[in-house]
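Trainee: Take this structure, written in structure tokens, and hold onto it; I'll ask about it next.
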Amino acid sequence: MSTAPGTALDDPDWWRHAVVYQIYPRSFRDADGDGNGDIRGMRNGLGHLARLGVDAVWVSPWYTSPMIDGGYDVADYCDIDPIFGSLDDATVFLDEAHRLGLRVLVDLVPNHCSNRHPLFQRALAAAPGSPERDLFVFRDGRGVDGGQPPTNWGSLFGGSMWQQVTESDGRPGQWYCHMFAPEQPDWNWDNPQVVAFFDQVLRFWFDRGVDGFRIDVADSMALDQTLPDTKPDPATGFGSWHKDVGAPFWDQPGVETIHRRWRQIADSYADTALGARVFVSEAHLDPIERQASYVAAGRLHTTFNFDHLWCEWTAASQRHMITRTLAAHDAVGAPATWVIGNHDVPRPVTRYGKPETGWPFDADGRVGQPRFAEDHRQFPTDVDLGRRRARAAALLMFALPGVAYLYQGEELGLPEVEDLPAEVLQDPIWDRSGHTEKGRDGCRVPLPWSGTKPPYGFGPGPGEPWLPQPAGWAGLSVAAQTGVTGSHLELYRAALAIRHANPALRDERLAWDEASEQLLSFCRGDRFRCLVNFGPGPAPLPAGTVLLASGDVSDTIPGDTAVWLAT
């Protein structure tokens with residue numbers, strides 16, 4: 001395998017300081033013109049990512065799936081869905097990414113599968129109490145006739161967390177647990193066969209050249225088998241699904257056992273050409289110290305930092321959040337991660353353009369929750385303000401020690417598409433909420449690559465993408481921004497080039513300067529300084545050479561602007 005020199009492939013500790021780009025396959029690039037992104041399209045876009053300057057890509061689920069939940073309902077963990085291509089296409093993609101010096105992470109979805117998965121179909125056909133059903137969480141219902149769910153638990157997607165089945169004789173039967181949609185039955189991780197099954201899945205992809213996994217809902221899987229009810233939630237009429245300490249389906253002790261087993265498998269590849277494989281956890285736990293326990297020695301490598309994603313746009317909250325994050329991860333010897341967007345949340349340009357921008361933080365952690373957590377669309381968006389802040393947030397993120405994750409389209413400054421018509425919505429949240437929450441489709445609209453009208457080069461022809469693109473995106477395409485001084489894309493390219501070239505940004509230390517309610521300032525090493533002005537008015541620009549700024553700077557730093565200085 002030939003690789004590009006001086007890349008993440010040469011560094012066994014690449015995962016401690018990498019910039020990772022998330023590809024949502026259906027929306028990245030379409031090679032065959034059917035309106036859906038695919039693996040050949042992903043391969044065609046690798047040159048863009050190499051020029052952007054990222055170290056790795058994370059590919060959201062590409063497995064065989066009915067696509068009820070964007071591929072997170074997996075029907076075959078060891079094959080590619082035909083909508084995306086084939087295993088051969090995946091192999092070519094992996095080889096090409098490695099040739100360009102890019103590591104590749106793929107999604108692992110271990111909490112649940114699709115109700116079309118052959119093992120679940122066998123469970124439905126089998127009798128209650130059978131070995132087939134024990135692979136999943138089946139229980140008898142409550143009440144005289146078993147017609148009530150086994151617990152009061154509410155699903156994250158709305159409604160009950162339990163679905164009743166019809167038995168082979170036609171009678172109403174047992175209930176199965178589904179943390180998300182009914183089409184996503186939960187695995188029973190107390191069953192050793194489930195444990196062994198996922199061991200095989202990991203090895204299948206590691207053997208094919210995958211560098212690691214992003215673990216979907218890595219804090220679930222283990223279940224309190226006594227099935228206690230949870231605190232009633234007046235807003236839903238069901239028991240709460242929230243991540244309170246002791247919740248029966250979150251952060252149970254068995255989760256650590258699973259993680260440590262997986263780490264041993266990943267480490268067993270240390271002597272291979274690609275080296276030991278890595279894991280990143282998706283686990284939003286509060287406080288941050290609880291989440292950092294997932295990356296203690298012998299567990300996972302890194303974990304997404306949702307405190308950063310949801311932190312409000314103020315100097316005080318950002319400083320408190322960053323300080324606590326670094327301290328919690330330093331205590332367990334793991335790098336922090338930083339992320340301002342993904343496929344499940346409103347895009348930063350839109351989020352930062354709202355009157356409320358996120359959670360407030362103080363020295364003790366998160367102190368509140370924004371109203372828009374339920375539906376951010378209730379507030380108007382100032383896109384120009386949001387884009388200024390998103391540019392500054394990107395420079396802040398790339399200046400912090402640790403790992404940075406960016407979601408496709410962030411480098412283009414794409415906003416959330418908030419006005420998708422009801423008839424095109426595909427997120428199951430839309431139906432499960434009784435058409436009160438539009439869900440996550442607005443951040444999943446296909447990318448614009450070139451041209452002046454939809455599909456903006458997303459596919460090879462004029463065919464409509466699976467979600468419609470706005471009419472005003474021509475100026476946001478990759479082609480339109482390439483080589484344009486000050487464009488969102490060129491800002492990202494410049495920032496990542498400096499991040500790679502400047503040794504201070506490989507150091508894991510950060511030293512705060514004196515700051516104000518308006519200004520955030522810190523140093524990395526002796527000669528690099530990052531300043532972010534969160535205020536509406538200008539702030540003085542200290543002495544030093546401007547390496548990069550998110551906006552125009554002269555003697556002052558405008559509001560909502562970040563600047564990197566060589567001191």
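Letters A, B, ... mark the chains of the structure tokens in the order given; residue numbers begin at 1 per chain; ligand numbers begin at 1, in order shown.
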List the neighbours of Gly544 of chain A out to 12 Å using only C-alpha atoms; skip same-chain residues closer than 3 positions along the sequence, and give me the result as a PyMOL selection string.
Mentor: chain A and resi 527-531+541+547-548+554-555+563-567
Trainee: Excluding Leu223 of chain A and residues on its chain fewer than 2 positions from it, collect all residues at most 10 Å away from it, counting only C-alpha atoms, and give them as a list of chain:residue names.
Mentor: A:Val137, A:Trp187, A:Asn188, A:Trp189, A:Asp190, A:Ser220, A:Met221, A:Gln225, A:Thr226, A:Leu227, A:Ala247, A:Pro248, A:Phe249, A:Trp250, A:Asp251, A:Gln252, A:Pro253, A:Gly254, A:Val255
Trainee: Skip segment 395-412 of chain A itself and residues of its chain fewer than 6 positions away, then list as a ChimeraX atom specification all residues within 8 Å of it, counting only C-alpha atoms.
Mentor: /A:15-24,28,335-343,347-348,447,476-478,481,488-489,492,495-496,499,505-510,530,532,549-550,562-564
Trainee: Using only C-alpha atoms, find each residue in segment 166-233 of chain A having at least one atom no more than 12 Å away from segment 288-302 of chain A; report its shortest atom-to-atom pair and that distance in Å (one decimal), rows by chain then rising number, as CSV.
Mentor:
```
residue,atom,partner,partner_atom,distance
A:Gly212,CA,A:His301,CA,10.0
A:Phe213,CA,A:Leu300,CA,10.2
A:Arg214,CA,A:Thr302,CA,9.4
A:Ile215,CA,A:Leu300,CA,9.7
A:Ala218,CA,A:Tyr294,CA,9.0
A:Asp219,CA,A:Tyr294,CA,8.6
```
Trainee: Go ahead and save the residues from that selection, with N, CA, C and O atoms, as a PDB file, in the first residue's frame.
Mentor:
```pdb
ATOM      1  N   GLY A 212     -10.849   2.539  12.110  1.00  0.00           N
ATOM      2  CA  GLY A 212     -11.520   2.650  13.390  1.00  0.00           C
ATOM      3  C   GLY A 212     -13.013   2.843  13.214  1.00  0.00           C
ATOM      4  O   GLY A 212     -13.541   2.856  12.097  1.00  0.00           O
ATOM      5  N   PHE A 213     -13.680   3.015  14.349  1.00  0.00           N
ATOM      6  CA  PHE A 213     -15.135   3.155  14.366  1.00  0.00           C
ATOM      7  C   PHE A 213     -15.553   4.358  15.194  1.00  0.00           C
ATOM      8  O   PHE A 213     -14.963   4.640  16.249  1.00  0.00           O
ATOM      9  N   ARG A 214     -16.569   5.032  14.726  1.00  0.00           N
ATOM     10  CA  ARG A 214     -17.331   5.948  15.566  1.00  0.00           C
ATOM     11  C   ARG A 214     -18.505   5.133  16.094  1.00  0.00           C
ATOM     12  O   ARG A 214     -19.264   4.541  15.328  1.00  0.00           O
ATOM     13  N   ILE A 215     -18.658   5.061  17.410  1.00  0.00           N
ATOM     14  CA  ILE A 215     -19.655   4.194  18.029  1.00  0.00           C
ATOM     15  C   ILE A 215     -20.918   4.990  18.318  1.00  0.00           C
ATOM     16  O   ILE A 215     -20.929   5.892  19.160  1.00  0.00           O
ATOM     17  N   ALA A 218     -22.741   5.221  22.256  1.00  0.00           N
ATOM     18  CA  ALA A 218     -21.804   4.333  22.948  1.00  0.00           C
ATOM     19  C   ALA A 218     -22.094   4.194  24.434  1.00  0.00           C
ATOM     20  O   ALA A 218     -21.475   3.372  25.112  1.00  0.00           O
ATOM     21  N   ASP A 219     -23.025   4.974  24.949  1.00  0.00           N
ATOM     22  CA  ASP A 219     -23.377   4.881  26.366  1.00  0.00           C
ATOM     23  C   ASP A 219     -24.652   4.062  26.583  1.00  0.00           C
ATOM     24  O   ASP A 219     -25.198   4.028  27.693  1.00  0.00           O
TER      25      ASP A 219
END
```
Trainee: I need the helix (DSSP H, G or I) residues of segment 305-404 of chain A per DSSP on the backbone, written as a count of residues only.
Mentor: 48
Trainee: Set out as a Markdown table a contact list for segment 277-320 of chain A and segment 45-69 of chain A with a cut-off of 12 Å, giving each residue of segment 277-320 of chain A that qualifies its closest atom pair and distance in Å to one decimal, counting only C-alpha atoms, ordered by chain and rising residue number.
Mentor:
```
| residue | atom | partner | partner_atom | distance |
| --- | --- | --- | --- | --- |
| A:Val278 | CA | A:Trp58 | CA | 11.8 |
| A:Phe279 | CA | A:Trp58 | CA | 11.0 |
| A:Val280 | CA | A:Trp58 | CA | 10.0 |
```
Trainee: Keeping only N, CA, C and O atoms, write those residues as a PDB file, in the first residue's frame.
Mentor:
```
ATOM      1  N   VAL A 278      -8.776   2.459  16.162  1.00  0.00           N
ATOM      2  CA  VAL A 278      -9.228   3.401  17.189  1.00  0.00           C
ATOM      3  C   VAL A 278     -10.752   3.488  17.217  1.00  0.00           C
ATOM      4  O   VAL A 278     -11.443   3.121  16.265  1.00  0.00           O
ATOM      5  N   PHE A 279     -11.236   4.021  18.340  1.00  0.00           N
ATOM      6  CA  PHE A 279     -12.670   4.236  18.533  1.00  0.00           C
ATOM      7  C   PHE A 279     -12.921   5.676  18.973  1.00  0.00           C
ATOM      8  O   PHE A 279     -12.158   6.232  19.764  1.00  0.00           O
ATOM      9  N   VAL A 280     -14.004   6.254  18.480  1.00  0.00           N
ATOM     10  CA  VAL A 280     -14.516   7.502  19.028  1.00  0.00           C
ATOM     11  C   VAL A 280     -15.941   7.234  19.495  1.00  0.00           C
ATOM     12  O   VAL A 280     -16.739   6.618  18.785  1.00  0.00           O
TER      13      VAL A 280
END
```
Trainee: Counting only C-alpha atoms, which of A:Thr452, A:Asn502, A:Asn44, A:Thr91 gets nearest to Ala480 of chain A?
Mentor: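 For Ala480 of chain A, the nearest of the candidates is A:Thr452.
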Trainee: If we count only C-alpha atoms and set the cut-off at 10 Å, which residues sit around segment 192-196 of chain A, ignoring sequence neighbours fewer than 4 positions away in its own chain? Please answer as an NGL selection string.
Mentor: :A and (110 or 131 or 134-136 or 187-188 or 200-201 or 258 or 261-262)
Trainee: Could those residues be written to a file, using N, CA and C atoms, as an mmCIF file, in the first residue's frame?
Mentor:
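Wrote it out as part_22.cif, contents follow:
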```cif
data_model
loop_
_atom_site.group_PDB
_atom_site.id
_atom_site.type_symbol
_atom_site.label_atom_id
_atom_site.label_comp_id
_atom_site.auth_asym_id
_atom_site.auth_seq_id
_atom_site.Cartn_x
_atom_site.Cartn_y
_atom_site.Cartn_z
ATOM 1 N N PRO A 110 -24.261 -0.387 17.496
ATOM 2 C CA PRO A 110 -24.381 -1.615 18.289
ATOM 3 C C PRO A 110 -25.582 -1.676 19.219
ATOM 4 N N PRO A 131 -34.258 -19.048 22.078
ATOM 5 C CA PRO A 131 -32.922 -18.454 21.911
ATOM 6 C C PRO A 131 -32.912 -17.333 20.884
ATOM 7 N N ASP A 134 -33.996 -14.188 22.507
ATOM 8 C CA ASP A 134 -33.087 -13.713 23.541
ATOM 9 C C ASP A 134 -31.947 -12.872 22.970
ATOM 10 N N LEU A 135 -31.793 -12.826 21.656
ATOM 11 C CA LEU A 135 -30.814 -11.922 21.058
ATOM 12 C C LEU A 135 -31.275 -10.467 21.144
ATOM 13 N N PHE A 136 -32.554 -10.267 21.418
ATOM 14 C CA PHE A 136 -33.146 -8.939 21.516
ATOM 15 C C PHE A 136 -33.827 -8.803 22.874
ATOM 16 N N TRP A 187 -30.605 -4.646 20.603
ATOM 17 C CA TRP A 187 -29.924 -5.909 20.887
ATOM 18 C C TRP A 187 -29.886 -6.160 22.392
ATOM 19 N N ASN A 188 -29.837 -7.435 22.762
ATOM 20 C CA ASN A 188 -29.689 -7.841 24.168
ATOM 21 C C ASN A 188 -28.220 -8.142 24.432
ATOM 22 N N GLN A 200 -17.134 -10.159 15.581
ATOM 23 C CA GLN A 200 -16.936 -10.531 14.174
ATOM 24 C C GLN A 200 -17.103 -9.327 13.253
ATOM 25 N N VAL A 201 -18.052 -8.454 13.579
ATOM 26 C CA VAL A 201 -18.262 -7.251 12.766
ATOM 27 C C VAL A 201 -17.017 -6.360 12.806
ATOM 28 N N ILE A 258 -18.029 -3.879 27.697
ATOM 29 C CA ILE A 258 -18.072 -3.946 26.235
ATOM 30 C C ILE A 258 -16.927 -3.129 25.631
ATOM 31 N N ARG A 261 -13.497 -4.774 25.992
ATOM 32 C CA ARG A 261 -13.362 -5.913 25.085
ATOM 33 C C ARG A 261 -13.008 -5.425 23.674
ATOM 34 N N TRP A 262 -13.701 -4.389 23.227
ATOM 35 C CA TRP A 262 -13.432 -3.849 21.900
ATOM 36 C C TRP A 262 -12.032 -3.270 21.810
#
```
Trainee: What does the distance between atom CA of Pro446 of chain A and atom CA of Arg116 of chain A come to in Å, to one decimal place?
Mentor: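 Distance reported for this atom pair: 26.7 Å.
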Trainee: Rank nothing, just name the residue among A:Thr436, A:Ser160, A:Thr482, A:Asn305 nearest to Arg377 of chain A, using only C-alpha atoms.
Mentor: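 The closest residue to Arg377 of chain A is A:Thr436.
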Trainee: For Thr314 of chain A, which residue among A:Gly209, A:Pro540, A:Gly459, A:Gly358 is the nearest when counting only C-alpha atoms?
Mentor: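 Nearest to Thr314 of chain A: A:Gly358.
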Trainee: Counting only C-alpha atoms, figure out which residue out of A:Glu418, A:Asp431, A:Pro454, A:Arg319 gets nearest to Ala474 of chain A.
Mentor: A:Pro454
Trainee: Find the distance between atom CA of Arg524 of chain A and atom CA of Asp13 of chain A and write it in Å to one decimal.
Mentor: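 Between atom CA of Arg524 of chain A and atom CA of Asp13 of chain A the gap is 19.3 Å.
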Trainee: Could you give me, as a PDB file with all heavy atoms, in the first residue's frame, the residues within 8 Å of Ala276 of chain A, counting only C-alpha atoms and dropping anything in the same chain fewer than 3 positions from it?
Mentor:
```pdb
ATOM      1  N   PRO A  12       1.402   6.918  14.574  1.00  0.00           N
ATOM      2  CA  PRO A  12       0.520   6.032  15.342  1.00  0.00           C
ATOM      3  C   PRO A  12      -0.379   6.782  16.325  1.00  0.00           C
ATOM      4  O   PRO A  12      -1.395   6.245  16.760  1.00  0.00           O
ATOM      5  CB  PRO A  12       1.505   5.112  16.082  1.00  0.00           C
ATOM      6  CG  PRO A  12       2.785   5.872  16.124  1.00  0.00           C
ATOM      7  CD  PRO A  12       2.827   6.677  14.869  1.00  0.00           C
ATOM      8  N   ASP A 211      -9.787   2.032   9.643  1.00  0.00           N
ATOM      9  CA  ASP A 211      -8.870   2.462  10.699  1.00  0.00           C
ATOM     10  C   ASP A 211      -9.538   2.584  12.065  1.00  0.00           C
ATOM     11  O   ASP A 211      -8.841   2.742  13.074  1.00  0.00           O
ATOM     12  CB  ASP A 211      -8.259   3.807  10.328  1.00  0.00           C
ATOM     13  CG  ASP A 211      -7.411   3.718   9.073  1.00  0.00           C
ATOM     14  OD1 ASP A 211      -6.285   3.199   9.149  1.00  0.00           O
ATOM     15  OD2 ASP A 211      -7.891   4.157   8.000  1.00  0.00           O
ATOM     16  N   ALA A 266      -9.089  -3.935  18.988  1.00  0.00           N
ATOM     17  CA  ALA A 266      -8.426  -2.880  18.221  1.00  0.00           C
ATOM     18  C   ALA A 266      -6.914  -2.930  18.418  1.00  0.00           C
ATOM     19  O   ALA A 266      -6.141  -2.800  17.465  1.00  0.00           O
ATOM     20  CB  ALA A 266      -8.971  -1.513  18.626  1.00  0.00           C
ATOM     21  N   ASP A 267      -6.478  -3.125  19.656  1.00  0.00           N
ATOM     22  CA  ASP A 267      -5.046  -3.164  19.950  1.00  0.00           C
ATOM     23  C   ASP A 267      -4.365  -4.386  19.340  1.00  0.00           C
ATOM     24  O   ASP A 267      -3.147  -4.368  19.104  1.00  0.00           O
ATOM     25  CB  ASP A 267      -4.816  -3.145  21.459  1.00  0.00           C
ATOM     26  CG  ASP A 267      -5.121  -1.788  22.085  1.00  0.00           C
ATOM     27  OD1 ASP A 267      -5.327  -0.813  21.329  1.00  0.00           O
ATOM     28  OD2 ASP A 267      -5.169  -1.709  23.329  1.00  0.00           O
ATOM     29  N   SER A 268      -5.137  -5.436  19.080  1.00  0.00           N
ATOM     30  CA  SER A 268      -4.542  -6.649  18.514  1.00  0.00           C
ATOM     31  C   SER A 268      -4.058  -6.438  17.081  1.00  0.00           C
ATOM     32  O   SER A 268      -3.341  -7.280  16.535  1.00  0.00           O
ATOM     33  CB  SER A 268      -5.550  -7.809  18.561  1.00  0.00           C
ATOM     34  OG  SER A 268      -6.581  -7.637  17.600  1.00  0.00           O
ATOM     35  N   TYR A 269      -4.422  -5.311  16.473  1.00  0.00           N
ATOM     36  CA  TYR A 269      -3.985  -4.990  15.114  1.00  0.00           C
ATOM     37  C   TYR A 269      -2.726  -4.116  15.100  1.00  0.00           C
ATOM     38  O   TYR A 269      -2.336  -3.607  14.047  1.00  0.00           O
ATOM     39  CB  TYR A 269      -5.112  -4.292  14.352  1.00  0.00           C
ATOM     40  CG  TYR A 269      -6.206  -5.230  13.905  1.00  0.00           C
ATOM     41  CD1 TYR A 269      -7.172  -5.678  14.799  1.00  0.00           C
ATOM     42  CD2 TYR A 269      -6.262  -5.697  12.595  1.00  0.00           C
ATOM     43  CE1 TYR A 269      -8.169  -6.562  14.410  1.00  0.00           C
ATOM     44  CE2 TYR A 269      -7.258  -6.571  12.185  1.00  0.00           C
ATOM     45  CZ  TYR A 269      -8.204  -7.000  13.098  1.00  0.00           C
ATOM     46  OH  TYR A 269      -9.198  -7.883  12.700  1.00  0.00           O
ATOM     47  N   ALA A 270      -2.081  -3.955  16.228  1.00  0.00           N
ATOM     48  CA  ALA A 270      -0.940  -3.043  16.327  1.00  0.00           C
ATOM     49  C   ALA A 270       0.183  -3.391  15.359  1.00  0.00           C
ATOM     50  O   ALA A 270       0.906  -2.502  14.882  1.00  0.00           O
ATOM     51  CB  ALA A 270      -0.418  -3.011  17.756  1.00  0.00           C
ATOM     52  N   ASP A 271       0.362  -4.665  15.076  1.00  0.00           N
ATOM     53  CA  ASP A 271       1.472  -5.084  14.213  1.00  0.00           C
ATOM     54  C   ASP A 271       1.113  -5.124  12.735  1.00  0.00           C
ATOM     55  O   ASP A 271       1.917  -5.561  11.911  1.00  0.00           O
ATOM     56  CB  ASP A 271       1.981  -6.464  14.650  1.00  0.00           C
ATOM     57  CG  ASP A 271       2.618  -6.429  16.024  1.00  0.00           C
ATOM     58  OD1 ASP A 271       3.130  -5.368  16.408  1.00  0.00           O
ATOM     59  OD2 ASP A 271       2.585  -7.466  16.724  1.00  0.00           O
ATOM     60  N   THR A 272      -0.062  -4.668  12.358  1.00  0.00           N
ATOM     61  CA  THR A 272      -0.462  -4.650  10.951  1.00  0.00           C
ATOM     62  C   THR A 272       0.033  -3.374  10.288  1.00  0.00           C
ATOM     63  O   THR A 272       0.526  -2.451  10.954  1.00  0.00           O
ATOM     64  CB  THR A 272      -1.993  -4.745  10.817  1.00  0.00           C
ATOM     65  OG1 THR A 272      -2.585  -3.580  11.416  1.00  0.00           O
ATOM     66  CG2 THR A 272      -2.522  -5.995  11.512  1.00  0.00           C
TER      67      THR A 272
END
```
